[in-house]
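Visitor: Structure: final.pdb, PDB, C-alpha atoms.
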ATOM      1  CA  MET B 264      46.327 -62.682  40.329
ATOM      2  CA  LEU B 265      44.186 -61.667  37.362
ATOM      3  CA  ILE B 266      41.706 -59.434  39.206
ATOM      4  CA  GLN B 267      43.264 -57.260  41.892
ATOM      5  CA  PRO B 268      41.640 -55.204  44.629
ATOM      6  CA  TYR B 269      41.305 -51.536  43.738
ATOM      7  CA  THR B 270      44.723 -49.925  43.718
ATOM      8  CA  PRO B 271      44.951 -46.203  44.550
ATOM      9  CA  SER B 272      47.945 -45.873  42.194
ATOM     10  CA  TRP B 273      45.764 -46.449  39.101
ATOM     11  CA  PRO B 274      44.618 -42.806  38.811
ATOM     12  CA  GLN B 275      48.257 -41.684  39.186
ATOM     13  CA  LYS B 276      49.358 -44.092  36.451
ATOM     14  CA  PHE B 277      46.622 -42.695  34.204
ATOM     15  CA  LYS B 278      47.811 -39.159  34.965
ATOM     16  CA  GLN B 279      51.380 -40.103  33.998
ATOM     17  CA  LEU B 280      50.233 -41.641  30.708
ATOM     18  CA  LYS B 281      47.963 -38.669  30.009
ATOM     19  CA  GLU B 282      50.857 -36.250  30.419
ATOM     20  CA  ILE B 283      52.931 -38.134  27.843
ATOM     21  CA  LEU B 284      50.128 -38.798  25.369
ATOM     22  CA  LEU B 285      48.771 -35.260  25.284
ATOM     23  CA  ARG B 286      52.155 -33.513  25.340
ATOM     24  CA  ASN B 287      52.650 -31.723  22.026
ATOM     25  CA  ILE B 288      49.531 -33.251  20.494
ATOM     26  CA  PRO B 289      48.831 -31.126  17.393
ATOM     27  CA  VAL B 290      45.022 -30.872  17.725
ATOM     28  CA  PRO B 291      42.544 -30.311  20.570
ATOM     29  CA  ALA B 292      41.992 -33.603  22.400
ATOM     30  CA  THR B 293      41.204 -34.976  25.829
ATOM     31  CA  LEU B 294      42.065 -38.289  27.445
ATOM     32  CA  GLU B 295      39.480 -40.171  29.516
ATOM     33  CA  HIS B 296      40.344 -42.861  32.062
ATOM     34  CA  ILE B 297      37.818 -45.643  31.430
ATOM     35  CA  GLY B 298      37.355 -49.250  32.429
ATOM     36  CA  SER B 299      37.470 -50.782  35.874
ATOM     37  CA  THR B 300      40.703 -49.088  36.971
ATOM     38  CA  SER B 301      38.869 -45.752  36.644
ATOM     39  CA  VAL B 302      36.253 -46.675  39.262
ATOM     40  CA  PRO B 303      37.300 -46.304  42.913
ATOM     41  CA  GLU B 304      36.796 -49.441  45.008
ATOM     42  CA  LEU B 305      36.326 -51.673  41.944
ATOM     43  CA  PRO B 306      38.659 -54.657  41.554
ATOM     44  CA  ALA B 307      40.264 -54.863  38.112
ATOM     45  CA  LYS B 308      43.009 -56.233  35.945
ATOM     46  CA  ASP B 309      46.085 -54.012  36.344
ATOM     47  CA  ILE B 310      45.587 -52.419  32.907
ATOM     48  CA  ILE B 311      44.753 -48.741  32.472
ATOM     49  CA  ALA B 312      42.141 -48.257  29.723
ATOM     50  CA  MET B 313      41.889 -44.870  28.018
ATOM     51  CA  ASP B 314      39.901 -43.101  25.341
ATOM     52  CA  LEU B 315      41.640 -40.270  23.513
ATOM     53  CA  VAL B 316      38.796 -38.010  22.350
ATOM     54  CA  TYR B 317      38.891 -35.513  19.490
ATOM     55  CA  ASP B 318      36.342 -33.062  18.059
ATOM     56  CA  LYS B 319      36.680 -32.950  14.277
ATOM     57  CA  GLU B 320      36.955 -35.835  11.805
ATOM     58  CA  GLN B 321      40.055 -34.319  10.206
ATOM     59  CA  ASP B 322      41.825 -34.433  13.608
ATOM     60  CA  PHE B 323      42.218 -38.220  13.496
ATOM     61  CA  THR B 324      45.145 -38.234  11.030
ATOM     62  CA  PRO B 325      47.329 -35.835  13.080
ATOM     63  CA  ILE B 326      46.494 -37.822  16.225
ATOM     64  CA  LYS B 327      47.459 -41.074  14.504
ATOM     65  CA  THR B 328      50.761 -39.515  13.358
ATOM     66  CA  HIS B 329      51.392 -38.193  16.875
ATOM     67  CA  LEU B 330      50.787 -41.613  18.426
ATOM     68  CA  GLU B 331      53.003 -43.318  15.854
ATOM     69  CA  GLY B 332      55.761 -40.912  16.892
ATOM     70  CA  LEU B 333      55.327 -42.161  20.456
ATOM     71  CA  GLY B 334      55.722 -45.804  19.386
ATOM     72  CA  TYR B 335      52.116 -46.872  18.766
ATOM     73  CA  TYR B 336      50.606 -48.455  15.695
ATOM     74  CA  HIS B 337      47.001 -48.346  14.514
ATOM     75  CA  LYS B 338      45.013 -51.603  14.827
ATOM     76  CA  GLY B 339      41.815 -50.304  13.225
ATOM     77  CA  ASP B 340      38.369 -50.276  14.774
ATOM     78  CA  GLN B 341      38.408 -54.011  15.590
ATOM     79  CA  GLY B 342      34.737 -54.236  14.685
ATOM     80  CA  ILE B 343      33.608 -51.270  16.787
ATOM     81  CA  PRO B 344      32.792 -48.241  14.620
ATOM     82  CA  GLN B 345      34.183 -44.874  15.713
ATOM     83  CA  ARG B 346      36.634 -46.452  18.183
ATOM     84  CA  GLU B 347      40.148 -46.945  16.845
ATOM     85  CA  ALA B 348      42.552 -49.175  18.786
ATOM     86  CA  PHE B 349      46.260 -48.430  19.128
ATOM     87  CA  LYS B 350      48.932 -50.836  20.365
ATOM     88  CA  ARG B 351      52.547 -50.268  21.296
ATOM     89  CA  HIS B 352      55.437 -51.458  19.194
ATOM     90  CA  ALA B 353      58.072 -53.580  20.868
ATOM     91  CA  PRO B 354      59.936 -51.600  23.528
ATOM     92  CA  GLU B 355      62.933 -50.726  21.378
ATOM     93  CA  LYS B 356      61.359 -47.269  21.024
ATOM     94  CA  ARG B 357      62.078 -46.195  24.576
ATOM     95  CA  GLN B 358      61.550 -42.469  24.184
ATOM     96  CA  PHE B 359      59.011 -42.683  27.017
ATOM     97  CA  PRO B 360      59.669 -45.785  29.167
ATOM     98  CA  LEU B 361      56.376 -45.367  31.065
ATOM     99  CA  LEU B 362      54.529 -46.232  27.876
ATOM    100  CA  TYR B 363      56.096 -49.698  28.193
ATOM    101  CA  THR B 364      56.093 -50.160  31.958
ATOM    102  CA  ILE B 365      52.469 -49.163  32.653
ATOM    103  CA  PRO B 366      50.132 -51.752  31.100
ATOM    104  CA  HIS B 367      47.394 -49.952  29.193
ATOM    105  CA  HIS B 368      44.905 -50.022  26.355
ATOM    106  CA  LEU B 369      44.485 -46.958  24.167
ATOM    107  CA  TYR B 370      41.485 -46.144  22.011
ATOM    108  CA  VAL B 371      40.829 -43.040  19.910
ATOM    109  CA  SER B 372      37.253 -41.879  19.396
ATOM    110  CA  PRO B 373      35.494 -38.808  18.070
ATOM    111  CA  GLN B 374      33.347 -36.823  20.467
ATOM    112  CA  GLY B 375      29.825 -38.266  20.237
ATOM    113  CA  SER B 376      30.955 -41.800  19.378
ATOM    114  CA  PRO B 377      28.471 -44.444  20.601
ATOM    115  CA  GLU B 378      31.295 -46.498  22.142
ATOM    116  CA  LEU B 379      32.712 -43.457  23.934
ATOM    117  CA  TYR B 380      29.231 -42.794  25.298
ATOM    118  CA  ARG B 381      29.042 -46.400  26.543
ATOM    119  CA  HIS B 382      32.472 -46.205  28.204
ATOM    120  CA  LEU B 383      31.791 -42.920  29.982
ATOM    121  CA  THR B 384      28.200 -43.706  30.964
ATOM    122  CA  PHE B 385      29.132 -47.100  32.437
ATOM    123  CA  ARG B 386      32.132 -45.628  34.281
ATOM    124  CA  ASN B 387      30.149 -42.716  35.691
ATOM    125  CA  TYR B 388      27.249 -44.928  36.786
ATOM    126  CA  LEU B 389      29.561 -47.287  38.665
ATOM    127  CA  ARG B 390      31.351 -44.357  40.287
ATOM    128  CA  LYS B 391      28.038 -43.021  41.637
ATOM    129  CA  ASN B 392      26.262 -46.293  42.504
ATOM    130  CA  LYS B 393      27.771 -48.467  45.191
ATOM    131  CA  GLU B 394      25.265 -51.308  44.698
ATOM    132  CA  ALA B 395      26.021 -51.520  40.974
ATOM    133  CA  ARG B 396      29.751 -51.345  41.685
ATOM    134  CA  LEU B 397      29.494 -54.197  44.215
ATOM    135  CA  ALA B 398      27.406 -56.307  41.827
ATOM    136  CA  TYR B 399      29.898 -55.765  39.006
ATOM    137  CA  SER B 400      32.772 -56.571  41.347
ATOM    138  CA  LYS B 401      31.097 -59.844  42.300
ATOM    139  CA  LEU B 402      30.455 -60.703  38.643
ATOM    140  CA  LYS B 403      34.089 -60.031  37.714
ATOM    141  CA  GLN B 404      35.355 -62.163  40.611
ATOM    142  CA  GLU B 405      33.072 -65.039  39.548
ATOM    143  CA  ILE B 406      34.322 -64.805  35.976
ATOM    144  CA  ALA B 407      37.954 -64.794  37.135
ATOM    145  CA  TYR B 408      37.251 -67.885  39.233
ATOM    146  CA  LYS B 409      35.632 -69.673  36.269
ATOM    147  CA  ALA B 410      38.563 -68.678  34.054
ATOM    148  CA  ASN B 411      41.012 -70.049  36.624
ATOM    149  CA  GLN B 412      43.048 -66.824  36.271
ATOM    150  CA  ASP B 413      43.574 -67.379  32.516
ATOM    151  CA  LYS B 414      43.516 -63.949  30.801
ATOM    152  CA  LYS B 415      42.220 -65.120  27.433
ATOM    153  CA  LEU B 416      39.527 -67.312  28.930
ATOM    154  CA  TYR B 417      38.561 -64.481  31.293
ATOM    155  CA  ALA B 418      38.092 -62.131  28.320
ATOM    156  CA  GLN B 419      35.975 -64.702  26.466
ATOM    157  CA  ILE B 420      33.735 -65.429  29.438
ATOM    158  CA  LYS B 421      33.458 -61.752  30.392
ATOM    159  CA  GLU B 422      32.429 -60.788  26.849
ATOM    160  CA  LYS B 423      29.351 -62.997  27.186
ATOM    161  CA  ALA B 424      28.643 -62.945  30.923
ATOM    162  CA  ALA B 425      29.019 -59.207  31.498
ATOM    163  CA  ARG B 426      27.185 -58.025  28.380
ATOM    164  CA  SER B 427      23.695 -58.161  29.922
ATOM    165  CA  PHE B 428      24.952 -56.503  33.112
ATOM    166  CA  VAL B 429      26.555 -53.644  31.178
ATOM    167  CA  GLU B 430      23.460 -53.190  28.993
ATOM    168  CA  ALA B 431      21.218 -53.083  32.080
ATOM    169  CA  ILE B 432      23.445 -50.401  33.659
ATOM    170  CA  LEU B 433      23.421 -48.352  30.455
ATOM    171  CA  GLU B 434      19.625 -48.574  30.305
ATOM    172  CA  LYS B 435      19.306 -47.470  33.950
ATOM    173  CA  ALA B 436      21.643 -44.558  33.257
ATOM    174  CA  ARG B 437      19.611 -43.501  30.196
ATOM    175  CA  LYS B 438      16.391 -43.565  32.215
ATOM    176  CA  GLU B 439      17.944 -41.579  35.071
ATOM    177  CA  ASP B 440      19.301 -38.985  32.617
ATOM    178  CA  HIS B 441      15.820 -38.443  31.175
ATOM    179  CA  LEU B 442      14.008 -38.031  34.512
TER     180      LEU B 442
END
Any chance you could give the structure as structure tokens?
Guide:
Amino acid sequence: MLIQPYTPSWPQKFKQLKEILLRNIPVPATLEHIGSTSVPELPAKDIIAMDLVYDKEQDFTPIKTHLEGLGYYHKGDQGIPQREAFKRHAPEKRQFPLLYTIPHHLYVSPQGSPELYRHLTFRNYLRKNKEARLAYSKLKQEIAYKANQDKKLYAQIKEKAARSFVEAILEKARKEDHL
């Protein structure tokens, strides 16, 4: 099934990945659990999404080198400024098997990145607002139904169908922050 009910093991999986990714990292950095698996009670695809966050521009190169040593390769910003995507090489580099057995997406962003702000603001709003969480859950289930459980079609439909929902949540969050 493409969209699964919330699974309490998702935060533990994130914690396991975090331990590996931040171990021996040569610069100050944090790792944020983002996306639907980071929101309790929200159904999601079984993929842990993460933002590795750094402070200074010059910290990106050592982070990139560190991740390459763990078996990742840099995919660029994929059209989203200040958000660099990293993918895993084929599993022949099995230094850390969990990096291959726990499905995940890894992004690297500087502190203050607009996309990082979007990720964290949306996540935090859904964590605090049950009505928004339920509405997003319903939207995701409808999209999965329309996509007939096809991952690529789901992503295409979600990109268009969820955009206005996400933007509305971000606007509500901005207004609440300024009250």
Visitor: Would you mind listing what lies within 7 Å of B:Arg390 as a PDB file with C-alpha atoms, keeping the file's coordinate frame, with all atoms listed in the file counted and same-chain residues fewer than 3 positions away left out?
Guide:
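Done, and the output landed in part-v2.pdb:
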ATOM      1  CA  VAL B 302      36.253 -46.675  39.262  1.00  0.00           C
ATOM      2  CA  PRO B 303      37.300 -46.304  42.913  1.00  0.00           C
ATOM      3  CA  ARG B 386      32.132 -45.628  34.281  1.00  0.00           C
ATOM      4  CA  ASN B 387      30.149 -42.716  35.691  1.00  0.00           C
TER       5      ASN B 387
END
Visitor: To one decimal place in Å, what is the distance between atom CA of B:Phe349 and atom CA of B:Tyr335?
Guide: 6.1 Å
Visitor: Evaluated on this file, the PyMOL selection byres ((chain B and resi 400-408) around 7) picks out some residues - which ones are they, written as a PyMOL selection string?
Guide: chain B and resi 265-266+305-306+396-399+409-412+417+420-421
Visitor: Since we have the selection now, will you write its residues out, keeping C-alpha atoms, as an mmCIF file, keeping the file's coordinate frame?
Guide:
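File written: again-v8.cif
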data_model
loop_
_atom_site.group_PDB
_atom_site.id
_atom_site.type_symbol
_atom_site.label_atom_id
_atom_site.label_comp_id
_atom_site.auth_asym_id
_atom_site.auth_seq_id
_atom_site.Cartn_x
_atom_site.Cartn_y
_atom_site.Cartn_z
ATOM 1 C CA LEU B 265 44.186 -61.667 37.362
ATOM 2 C CA ILE B 266 41.706 -59.434 39.206
ATOM 3 C CA LEU B 305 36.326 -51.673 41.944
ATOM 4 C CA PRO B 306 38.659 -54.657 41.554
ATOM 5 C CA ARG B 396 29.751 -51.345 41.685
ATOM 6 C CA LEU B 397 29.494 -54.197 44.215
ATOM 7 C CA ALA B 398 27.406 -56.307 41.827
ATOM 8 C CA TYR B 399 29.898 -55.765 39.006
ATOM 9 C CA LYS B 409 35.632 -69.673 36.269
ATOM 10 C CA ALA B 410 38.563 -68.678 34.054
ATOM 11 C CA ASN B 411 41.012 -70.049 36.624
ATOM 12 C CA GLN B 412 43.048 -66.824 36.271
ATOM 13 C CA TYR B 417 38.561 -64.481 31.293
ATOM 14 C CA ILE B 420 33.735 -65.429 29.438
ATOM 15 C CA LYS B 421 33.458 -61.752 30.392
#
Visitor: Find the distance between atom CA of B:Pro274 and atom CA of B:Gly334 and write it in Å to one decimal.
Guide: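 So the answer is 22.6 Å.
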Visitor: Using all atoms listed in the file, which of B:Gly332, B:Gly298, B:Gly339, B:Pro325 sits nearest B:His382?
Guide: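 Answer, going by the shortest atom-to-atom distance: B:Gly298.
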Visitor: Using all atoms listed in the file, which protein or nucleic acid residues come within 10 Å of B:Ile283? Drop anything in the same chain fewer than 6 positions from it, and give the result as a PyMOL selection string.
Guide: chain B and resi 333+359+361-362
